[in-house]
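Since the structure comes first, as structure tokens, the remarks are kept for the end.
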Amino acid sequence: MSRFIIRLDDACPTMFKKKWDRIEKILIKHDIKPLVAVIPNNKDISLNHNKYNKNFWKKVNQWKKNKWDIGIHGYSHSINSNSSGILGINNKSEFSNLSINKQKKIILKSFNLFKKKKINLKYWIAPFHSFDKNTIKIIKELNSKIVISDGFSYRPFTYLGLKWVPQQLWKFYNIPFGLWTICFHPNYMNDEDFNKIEKVFKNHKEKFVSIKSIGSKFPKKNIFDNIFEFLFRITLKLKKYVI
């Protein structure tokens, strides 16, 4: 049977509070525990939906108490290059194509801020799905136990020395096999989006799991994963759904 993980991107002190409160209420109602991508120090003005919320980190701690998983979403969500990185989705990046020293400086800042806020470094999520092999090398050197939430496969895998949980979807497809992460951007969701996902949760609740519940088996990425990625990109035309 297929399993699905919900990922919520772009949580920060200036997020669209009303919309995040709405998705939170829906998830709690259906007892679904997502992975939340938290920006440690947001500098992306496009994410200034509300005034700065000085209680934001209290909200993050409340999510933790609710057994939601917290992922580190880059550092400032800044666009530092026009490189699409190893995934080739968006032509913008906080990390990809920067020197290894510049990347390490940014990643250290983000890790140190999370440590200051007493949030465990378990999951890493790149802004814009863009990073390169140097990014992975640095993360591995700093914390080899971090799991990457990204990439395209039908299963978790190990690649470049780290564990990956693939993130392949931006809306629900009732696929009969595999593990799938659906990425939502609550800041941009509308009434129709909220109504659709509540209907999905109501009809398919048994398929949704937390990222921590998937176990520890992460086989090495192989030719079958590569073939799947190629076919998957063609079939679903992923770029159409990327924000």
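By convention in this document, the chains of the structure tokens carry letters A, B, ... by their order, each chain's residues are numbered from 1, and ligands are numbered from 1 in the order they are shown.
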What's around A:Ser216 at 12 Å? Count only C-alpha atoms, leave out sequence neighbours fewer than 2 positions away in its own chain, and write the answer as a list of chain:residue names.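 Close residues of A:Ser216: A:Lys145, A:Val147, A:Arg155, A:Pro156, A:Phe157, A:Thr158, A:Lys163, A:Trp164, A:Val165, A:Ile211, A:Lys212, A:Ser213, A:Ile214, A:Phe218, A:Pro219.
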Neighbours of A:Gly178 within 8 Å (only C-alpha atoms; same-chain residues fewer than 3 positions away dropped), as a PDB file with N, CA, C and O atoms, in the first residue's frame?
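Written output follows (selection_15.pdb):
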```pdb
ATOM      1  N   MET A   1       0.832  -1.198   0.000  1.00  0.00           N
ATOM      2  CA  MET A   1       0.000   0.000   0.000  1.00  0.00           C
ATOM      3  C   MET A   1       0.875   1.259   0.000  1.00  0.00           C
ATOM      4  O   MET A   1       1.939   1.273   0.613  1.00  0.00           O
ATOM      5  N   SER A   2       0.434   2.271  -0.676  1.00  0.00           N
ATOM      6  CA  SER A   2       1.187   3.522  -0.709  1.00  0.00           C
ATOM      7  C   SER A   2       1.059   4.266   0.610  1.00  0.00           C
ATOM      8  O   SER A   2       0.098   4.089   1.364  1.00  0.00           O
ATOM      9  N   ARG A   3       2.063   5.098   0.882  1.00  0.00           N
ATOM     10  CA  ARG A   3       2.050   5.960   2.064  1.00  0.00           C
ATOM     11  C   ARG A   3       2.388   7.379   1.630  1.00  0.00           C
ATOM     12  O   ARG A   3       3.146   7.589   0.673  1.00  0.00           O
ATOM     13  N   TYR A 154      10.525   6.320  -5.671  1.00  0.00           N
ATOM     14  CA  TYR A 154       9.288   5.753  -5.146  1.00  0.00           C
ATOM     15  C   TYR A 154       9.492   5.224  -3.730  1.00  0.00           C
ATOM     16  O   TYR A 154       8.605   4.606  -3.152  1.00  0.00           O
ATOM     17  N   ARG A 155      10.698   5.502  -3.174  1.00  0.00           N
ATOM     18  CA  ARG A 155      11.066   4.956  -1.875  1.00  0.00           C
ATOM     19  C   ARG A 155      12.159   5.825  -1.267  1.00  0.00           C
ATOM     20  O   ARG A 155      12.851   6.578  -1.978  1.00  0.00           O
ATOM     21  N   ILE A 175      -1.851   7.090  -5.768  1.00  0.00           N
ATOM     22  CA  ILE A 175      -0.908   6.137  -6.347  1.00  0.00           C
ATOM     23  C   ILE A 175      -0.901   4.876  -5.484  1.00  0.00           C
ATOM     24  O   ILE A 175      -0.872   4.957  -4.254  1.00  0.00           O
TER      25      ILE A 175
END
```
Strand (DSSP E or B) call set, DSSP backbone run, stretch 100-154 of chain A, as number ranges by chain: A: 123-125, 147-149
Same residues, N, CA, C and O atoms, output as a short mmCIF file (atom, residue, chain, number, x, y, z; two decimals), in the first residue's frame:
```cif
data_model
loop_
_atom_site.label_atom_id
_atom_site.label_comp_id
_atom_site.auth_asym_id
_atom_site.auth_seq_id
_atom_site.Cartn_x
_atom_site.Cartn_y
_atom_site.Cartn_z
N TYR A 123 16.00 17.04 9.85
CA TYR A 123 15.57 17.06 8.45
C TYR A 123 16.01 18.36 7.80
O TYR A 123 15.87 19.45 8.38
N TRP A 124 16.53 18.25 6.59
CA TRP A 124 17.01 19.42 5.85
C TRP A 124 16.25 19.56 4.54
O TRP A 124 16.07 18.59 3.80
N ILE A 125 15.79 20.78 4.27
CA ILE A 125 14.96 21.08 3.10
C ILE A 125 15.53 22.31 2.41
O ILE A 125 15.60 23.40 3.01
N VAL A 147 18.44 13.89 7.55
CA VAL A 147 17.74 13.30 6.41
C VAL A 147 17.33 14.42 5.46
O VAL A 147 16.79 15.45 5.89
N ILE A 148 17.60 14.23 4.18
CA ILE A 148 17.22 15.20 3.16
C ILE A 148 15.78 14.94 2.72
O ILE A 148 15.44 13.81 2.34
N SER A 149 14.94 15.94 2.78
CA SER A 149 13.58 15.83 2.24
C SER A 149 13.58 16.44 0.85
O SER A 149 13.37 17.64 0.67
#
```
Show which residues sit within 9 Å of A:Phe114, as an MDAnalysis selection string. Count only C-alpha atoms, and ignore same-chain residues fewer than 6 positions away. chainID A and resid 40 72 120:121
List every residue of stretch 7-239 of chain A that DSSP, applied to the backbone, labels as helix (DSSP H, G or I), and write the result as an MDAnalysis selection string. chainID A and resid 17:29 45:47 56:65 100:116 127:129 133:142 186:188 191:207 211:214 223:236 238:239
Set the distance at 12 Å and use only C-alpha atoms: which residues neighbour A:Ile6 once local chain neighbours fewer than 5 positions away are removed? I'd like the list as a tab-separated table (two decimals) with all heavy atoms, in the first residue's frame.
```tsv
chain	number	residue	atom	x	y	z
A	23	ILE	N	-4.64	25.39	8.15
A	23	ILE	CA	-4.07	24.08	7.82
A	23	ILE	C	-3.76	23.30	9.09
A	23	ILE	O	-3.93	22.08	9.16
A	23	ILE	CB	-2.81	24.21	6.92
A	23	ILE	CG1	-2.40	22.84	6.36
A	23	ILE	CG2	-1.64	24.81	7.66
A	23	ILE	CD1	-3.33	22.29	5.34
A	24	GLU	N	-3.33	24.02	10.13
A	24	GLU	CA	-3.05	23.36	11.40
A	24	GLU	C	-4.32	22.73	11.97
A	24	GLU	O	-4.31	21.58	12.43
A	24	GLU	CB	-2.47	24.37	12.40
A	24	GLU	CG	-2.18	23.77	13.75
A	24	GLU	CD	-1.55	24.77	14.71
A	24	GLU	OE1	-1.11	25.84	14.25
A	24	GLU	OE2	-1.51	24.49	15.92
A	27	LEU	N	-5.17	19.54	10.00
A	27	LEU	CA	-4.25	18.44	10.30
A	27	LEU	C	-4.51	17.84	11.67
A	27	LEU	O	-4.49	16.61	11.84
A	27	LEU	CB	-2.81	18.92	10.19
A	27	LEU	CG	-2.34	19.24	8.77
A	27	LEU	CD1	-1.06	20.07	8.80
A	27	LEU	CD2	-2.11	17.96	7.97
A	31	ASP	N	-5.68	14.09	12.66
A	31	ASP	CA	-4.55	13.44	13.33
A	31	ASP	C	-3.43	13.10	12.34
A	31	ASP	O	-2.89	11.99	12.33
A	31	ASP	CB	-5.00	12.18	14.06
A	31	ASP	CG	-3.94	11.66	15.02
A	31	ASP	OD1	-3.15	12.48	15.52
A	31	ASP	OD2	-3.91	10.44	15.26
A	32	ILE	N	-3.08	14.07	11.50
A	32	ILE	CA	-2.00	13.92	10.54
A	32	ILE	C	-0.84	14.81	10.98
A	32	ILE	O	-1.02	16.00	11.22
A	32	ILE	CB	-2.47	14.26	9.12
A	32	ILE	CG1	-3.49	13.21	8.66
A	32	ILE	CG2	-1.29	14.34	8.15
A	32	ILE	CD1	-4.19	13.54	7.39
A	33	LYS	N	0.34	14.21	11.07
A	33	LYS	CA	1.51	14.92	11.59
A	33	LYS	C	2.49	15.21	10.45
A	33	LYS	O	3.17	14.30	9.96
A	33	LYS	CB	2.15	14.11	12.71
A	33	LYS	CG	1.21	13.96	13.92
A	33	LYS	CD	1.75	13.05	14.97
A	33	LYS	CE	0.85	13.08	16.22
A	33	LYS	NZ	-0.55	12.73	15.92
A	34	PRO	N	2.59	16.46	10.06
A	34	PRO	CA	3.42	16.82	8.90
A	34	PRO	C	4.88	17.08	9.27
A	34	PRO	O	5.26	17.12	10.44
A	34	PRO	CB	2.77	18.12	8.43
A	34	PRO	CG	2.36	18.77	9.73
A	34	PRO	CD	1.89	17.62	10.61
A	35	LEU	N	5.67	17.27	8.23
A	35	LEU	CA	7.01	17.82	8.34
A	35	LEU	C	6.91	19.30	7.98
A	35	LEU	O	6.42	19.64	6.90
A	35	LEU	CB	7.95	17.11	7.38
A	35	LEU	CG	9.34	17.72	7.18
A	35	LEU	CD1	10.14	17.70	8.47
A	35	LEU	CD2	10.10	16.99	6.06
A	36	VAL	N	7.33	20.18	8.88
A	36	VAL	CA	7.25	21.62	8.65
A	36	VAL	C	8.63	22.16	8.32
A	36	VAL	O	9.58	21.98	9.08
A	36	VAL	CB	6.67	22.36	9.87
A	36	VAL	CG1	6.48	23.84	9.54
A	36	VAL	CG2	5.35	21.75	10.31
A	37	ALA	N	8.73	22.85	7.16
A	37	ALA	CA	9.99	23.44	6.73
A	37	ALA	C	10.09	24.86	7.29
A	37	ALA	O	9.42	25.77	6.82
A	37	ALA	CB	10.07	23.46	5.21
A	68	TRP	N	4.67	17.03	15.63
A	68	TRP	CA	4.99	17.37	14.25
A	68	TRP	C	6.51	17.36	14.12
A	68	TRP	O	7.24	17.62	15.09
A	68	TRP	CB	4.44	18.74	13.88
A	68	TRP	CG	2.94	18.82	13.78
A	68	TRP	CD1	2.03	17.93	14.28
A	68	TRP	CD2	2.20	19.86	13.15
A	68	TRP	NE1	0.76	18.36	14.00
A	68	TRP	CE2	0.83	19.54	13.30
A	68	TRP	CE3	2.55	21.02	12.47
A	68	TRP	CZ2	-0.19	20.35	12.80
A	68	TRP	CZ3	1.54	21.84	11.97
A	68	TRP	CH2	0.20	21.49	12.13
A	69	ASP	N	6.99	17.09	12.92
A	69	ASP	CA	8.44	17.09	12.69
A	69	ASP	C	8.86	18.44	12.10
A	69	ASP	O	8.16	19.02	11.27
A	69	ASP	CB	8.82	15.96	11.73
A	69	ASP	CG	8.58	14.60	12.36
A	69	ASP	OD1	9.24	14.31	13.38
A	69	ASP	OD2	7.73	13.84	11.87
A	70	ILE	N	10.01	18.91	12.53
A	70	ILE	CA	10.50	20.22	12.11
A	70	ILE	C	11.75	20.03	11.25
A	70	ILE	O	12.72	19.39	11.67
A	70	ILE	CB	10.85	21.11	13.33
A	70	ILE	CG1	9.65	21.17	14.30
A	70	ILE	CG2	11.25	22.50	12.86
A	70	ILE	CD1	8.38	21.74	13.70
A	149	SER	N	14.94	15.94	2.78
A	149	SER	CA	13.58	15.83	2.24
A	149	SER	C	13.58	16.44	0.85
A	149	SER	O	13.37	17.64	0.67
A	149	SER	CB	12.57	16.56	3.15
A	149	SER	OG	11.30	16.64	2.52
A	165	VAL	N	14.45	11.24	1.93
A	165	VAL	CA	13.05	10.89	1.78
A	165	VAL	C	12.53	11.71	0.61
A	165	VAL	O	12.48	12.94	0.69
A	165	VAL	CB	12.24	11.19	3.05
A	165	VAL	CG1	10.75	10.92	2.81
A	165	VAL	CG2	12.74	10.34	4.22
A	166	PRO	N	12.20	11.08	-0.51
A	166	PRO	CA	11.85	11.84	-1.72
A	166	PRO	C	10.64	12.74	-1.51
A	166	PRO	O	9.73	12.44	-0.73
A	166	PRO	CB	11.54	10.75	-2.76
A	166	PRO	CG	11.24	9.53	-1.96
A	166	PRO	CD	12.07	9.62	-0.72
A	167	GLN	N	10.65	13.87	-2.22
A	167	GLN	CA	9.51	14.81	-2.22
A	167	GLN	C	9.13	15.01	-3.67
A	167	GLN	O	9.80	15.72	-4.41
A	167	GLN	CB	9.90	16.12	-1.55
A	167	GLN	CG	8.72	17.02	-1.24
A	167	GLN	CD	8.29	17.86	-2.43
A	167	GLN	OE1	9.02	18.75	-2.85
A	167	GLN	NE2	7.11	17.59	-2.96
A	168	GLN	N	8.02	14.37	-4.08
A	168	GLN	CA	7.71	14.26	-5.50
A	168	GLN	C	6.44	15.00	-5.92
A	168	GLN	O	6.23	15.20	-7.12
A	168	GLN	CB	7.54	12.79	-5.88
A	168	GLN	CG	8.55	11.83	-5.27
A	168	GLN	CD	8.00	11.17	-4.01
A	168	GLN	OE1	7.33	11.80	-3.19
A	168	GLN	NE2	8.29	9.90	-3.83
A	169	LEU	N	5.57	15.34	-4.99
A	169	LEU	CA	4.24	15.83	-5.36
A	169	LEU	C	3.92	17.18	-4.73
A	169	LEU	O	4.43	17.52	-3.66
A	169	LEU	CB	3.16	14.82	-4.93
A	169	LEU	CG	3.29	13.39	-5.46
A	169	LEU	CD1	2.20	12.51	-4.85
A	169	LEU	CD2	3.21	13.35	-6.97
A	170	TRP	N	3.01	17.90	-5.42
A	170	TRP	CA	2.49	19.16	-4.89
A	170	TRP	C	0.97	19.12	-4.79
A	170	TRP	O	0.33	20.11	-4.46
A	170	TRP	CB	2.96	20.33	-5.76
A	170	TRP	CG	4.42	20.61	-5.55
A	170	TRP	CD1	4.95	21.53	-4.68
A	170	TRP	CD2	5.52	19.96	-6.16
A	170	TRP	NE1	6.33	21.48	-4.73
A	170	TRP	CE2	6.71	20.52	-5.63
A	170	TRP	CE3	5.65	18.94	-7.12
A	170	TRP	CZ2	7.98	20.12	-6.03
A	170	TRP	CZ3	6.91	18.52	-7.51
A	170	TRP	CH2	8.06	19.12	-6.96
A	171	LYS	N	0.40	17.96	-5.08
A	171	LYS	CA	-1.00	17.69	-4.80
A	171	LYS	C	-1.17	16.19	-4.72
A	171	LYS	O	-0.25	15.43	-5.08
A	171	LYS	CB	-1.91	18.29	-5.87
A	171	LYS	CG	-1.76	17.72	-7.27
A	171	LYS	CD	-2.76	18.40	-8.21
A	171	LYS	CE	-2.67	17.84	-9.62
A	171	LYS	NZ	-3.65	18.49	-10.53
A	172	PHE	N	-2.32	15.75	-4.24
A	172	PHE	CA	-2.53	14.33	-3.98
A	172	PHE	C	-2.89	13.56	-5.25
A	172	PHE	O	-3.74	13.98	-6.03
A	172	PHE	CB	-3.65	14.14	-2.95
A	172	PHE	CG	-3.97	12.71	-2.64
A	172	PHE	CD1	-3.11	11.96	-1.85
A	172	PHE	CD2	-5.12	12.10	-3.13
A	172	PHE	CE1	-3.38	10.63	-1.55
A	172	PHE	CE2	-5.41	10.78	-2.83
A	172	PHE	CZ	-4.54	10.05	-2.04
A	179	LEU	N	6.31	5.46	-1.40
A	179	LEU	CA	6.24	6.51	-0.38
A	179	LEU	C	6.34	7.86	-1.07
A	179	LEU	O	7.28	8.10	-1.84
A	179	LEU	CB	7.40	6.36	0.62
A	179	LEU	CG	7.48	7.44	1.70
A	179	LEU	CD1	6.33	7.29	2.70
A	179	LEU	CD2	8.82	7.40	2.43
A	180	TRP	N	5.40	8.74	-0.78
A	180	TRP	CA	5.29	10.01	-1.49
A	180	TRP	C	5.17	11.16	-0.50
A	180	TRP	O	4.39	11.09	0.45
A	180	TRP	CB	4.05	9.99	-2.40
A	180	TRP	CG	4.03	8.80	-3.29
A	180	TRP	CD1	3.53	7.55	-2.99
A	180	TRP	CD2	4.57	8.70	-4.61
A	180	TRP	NE1	3.72	6.69	-4.04
A	180	TRP	CE2	4.36	7.37	-5.05
A	180	TRP	CE3	5.20	9.62	-5.47
A	180	TRP	CZ2	4.76	6.94	-6.30
A	180	TRP	CZ3	5.60	9.18	-6.71
A	180	TRP	CH2	5.37	7.85	-7.12
A	181	THR	N	5.94	12.22	-0.74
A	181	THR	CA	5.82	13.42	0.06
A	181	THR	C	5.11	14.48	-0.77
A	181	THR	O	5.53	14.80	-1.89
A	181	THR	CB	7.19	13.96	0.50
A	181	THR	OG1	7.87	12.95	1.27
A	181	THR	CG2	7.02	15.20	1.37
A	182	ILE	N	4.02	15.01	-0.20
A	182	ILE	CA	3.27	16.08	-0.85
A	182	ILE	C	3.65	17.40	-0.18
A	182	ILE	O	3.48	17.56	1.03
A	182	ILE	CB	1.75	15.87	-0.73
A	182	ILE	CG1	1.36	14.46	-1.18
A	182	ILE	CG2	1.00	16.92	-1.55
A	182	ILE	CD1	-0.10	14.11	-0.89
A	183	CYS	N	4.15	18.33	-0.97
A	183	CYS	CA	4.59	19.62	-0.44
A	183	CYS	C	3.50	20.66	-0.65
A	183	CYS	O	3.07	20.92	-1.78
A	183	CYS	CB	5.87	20.06	-1.14
A	183	CYS	SG	6.46	21.67	-0.61
A	184	PHE	N	3.04	21.27	0.45
A	184	PHE	CA	2.08	22.36	0.39
A	184	PHE	C	2.77	23.66	0.83
A	184	PHE	O	3.64	23.65	1.70
A	184	PHE	CB	0.88	22.11	1.31
A	184	PHE	CG	0.00	20.98	0.87
A	184	PHE	CD1	-0.37	19.98	1.77
A	184	PHE	CD2	-0.47	20.90	-0.43
A	184	PHE	CE1	-1.20	18.94	1.38
A	184	PHE	CE2	-1.30	19.86	-0.84
A	184	PHE	CZ	-1.66	18.87	0.07
A	185	HIS	N	2.34	24.77	0.24
A	185	HIS	CA	2.79	26.10	0.64
A	185	HIS	C	1.59	26.84	1.21
A	185	HIS	O	0.86	27.52	0.48
A	185	HIS	CB	3.37	26.85	-0.55
A	185	HIS	CG	4.63	26.25	-1.11
A	185	HIS	ND1	4.62	25.11	-1.89
A	185	HIS	CD2	5.93	26.61	-0.98
A	185	HIS	CE1	5.86	24.81	-2.23
A	185	HIS	NE2	6.67	25.70	-1.69
A	186	PRO	N	1.32	26.70	2.52
A	186	PRO	CA	0.10	27.29	3.10
A	186	PRO	C	-0.06	28.78	2.84
A	186	PRO	O	-1.20	29.27	2.73
A	186	PRO	CB	0.26	27.00	4.61
A	186	PRO	CG	1.09	25.76	4.65
A	186	PRO	CD	2.06	25.90	3.51
A	197	ILE	N	-7.89	19.34	0.23
A	197	ILE	CA	-7.05	18.49	1.07
A	197	ILE	C	-7.85	17.91	2.24
A	197	ILE	O	-7.59	16.77	2.65
A	197	ILE	CB	-5.79	19.23	1.58
A	197	ILE	CG1	-6.15	20.41	2.47
A	197	ILE	CG2	-4.91	19.65	0.44
A	197	ILE	CD1	-4.96	20.97	3.19
A	200	VAL	N	-9.45	14.91	0.86
A	200	VAL	CA	-8.47	13.84	0.71
A	200	VAL	C	-8.19	13.18	2.05
A	200	VAL	O	-8.17	11.94	2.16
A	200	VAL	CB	-7.16	14.38	0.10
A	200	VAL	CG1	-6.04	13.36	0.23
A	200	VAL	CG2	-7.37	14.74	-1.37
A	201	PHE	N	-7.98	13.98	3.10
A	201	PHE	CA	-7.70	13.42	4.42
A	201	PHE	C	-8.88	12.58	4.92
A	201	PHE	O	-8.69	11.52	5.52
A	201	PHE	CB	-7.41	14.53	5.42
A	201	PHE	CG	-6.13	15.28	5.16
A	201	PHE	CD1	-5.95	16.56	5.66
A	201	PHE	CD2	-5.12	14.71	4.42
A	201	PHE	CE1	-4.78	17.26	5.43
A	201	PHE	CE2	-3.93	15.40	4.18
A	201	PHE	CZ	-3.77	16.68	4.69
A	205	LYS	N	-7.32	8.88	4.95
A	205	LYS	CA	-6.54	9.15	6.15
A	205	LYS	C	-5.53	8.05	6.47
A	205	LYS	O	-4.41	8.32	6.91
A	205	LYS	CB	-7.47	9.35	7.35
A	205	LYS	CG	-6.74	9.65	8.65
A	205	LYS	CD	-7.70	9.77	9.81
A	205	LYS	CE	-6.96	10.07	11.10
A	205	LYS	NZ	-6.00	9.01	11.46
A	207	LYS	N	-3.66	6.40	4.71
A	207	LYS	CA	-2.47	6.41	3.87
A	207	LYS	C	-1.41	7.40	4.36
A	207	LYS	O	-0.27	7.37	3.91
A	207	LYS	CB	-2.84	6.74	2.42
A	207	LYS	CG	-3.66	5.67	1.71
A	207	LYS	CD	-3.99	6.10	0.30
A	207	LYS	CE	-4.81	5.05	-0.44
A	207	LYS	NZ	-4.00	3.86	-0.78
A	208	PHE	N	-1.78	8.32	5.26
A	208	PHE	CA	-0.87	9.39	5.66
A	208	PHE	C	-0.10	9.02	6.91
A	208	PHE	O	-0.66	8.56	7.91
A	208	PHE	CB	-1.65	10.69	5.86
A	208	PHE	CG	-2.12	11.28	4.56
A	208	PHE	CD1	-3.35	10.91	4.02
A	208	PHE	CD2	-1.33	12.17	3.85
A	208	PHE	CE1	-3.78	11.43	2.80
A	208	PHE	CE2	-1.74	12.69	2.64
A	208	PHE	CZ	-2.97	12.31	2.11
A	209	VAL	N	1.22	9.23	6.84
A	209	VAL	CA	2.11	8.86	7.94
A	209	VAL	C	3.04	10.04	8.23
A	209	VAL	O	3.18	10.96	7.43
A	209	VAL	CB	2.94	7.62	7.59
A	209	VAL	CG1	2.04	6.42	7.36
A	209	VAL	CG2	3.84	7.87	6.37
A	210	SER	N	3.68	9.99	9.38
A	210	SER	CA	4.71	10.99	9.69
A	210	SER	C	6.04	10.53	9.11
A	210	SER	O	6.25	9.32	8.90
A	210	SER	CB	4.83	11.18	11.20
A	210	SER	OG	5.34	9.99	11.80
A	211	ILE	N	6.93	11.46	8.88
A	211	ILE	CA	8.23	11.09	8.31
A	211	ILE	C	9.04	10.23	9.27
A	211	ILE	O	9.80	9.36	8.85
A	211	ILE	CB	9.02	12.35	7.88
A	211	ILE	CG1	10.23	11.96	7.03
A	211	ILE	CG2	9.43	13.19	9.09
A	211	ILE	CD1	10.91	13.16	6.37
A	212	LYS	N	8.84	10.41	10.57
A	212	LYS	CA	9.61	9.63	11.54
A	212	LYS	C	9.14	8.18	11.61
A	212	LYS	O	9.85	7.31	12.12
A	212	LYS	CB	9.55	10.27	12.93
A	212	LYS	CG	8.20	10.18	13.61
A	212	LYS	CD	8.27	10.52	15.09
A	212	LYS	CE	8.56	11.97	15.37
A	212	LYS	NZ	7.42	12.86	15.11
```
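Between atom CA of A:Lys54 and atom CA of A:Thr14 the interatomic distance comes to 9.4 Å.
For the choices A:Asn203, A:Ser93, A:Asn41, A:Asn112, the atom-to-atom distance to A:Leu142 is smallest for A:Asn112 when using only C-alpha atoms.
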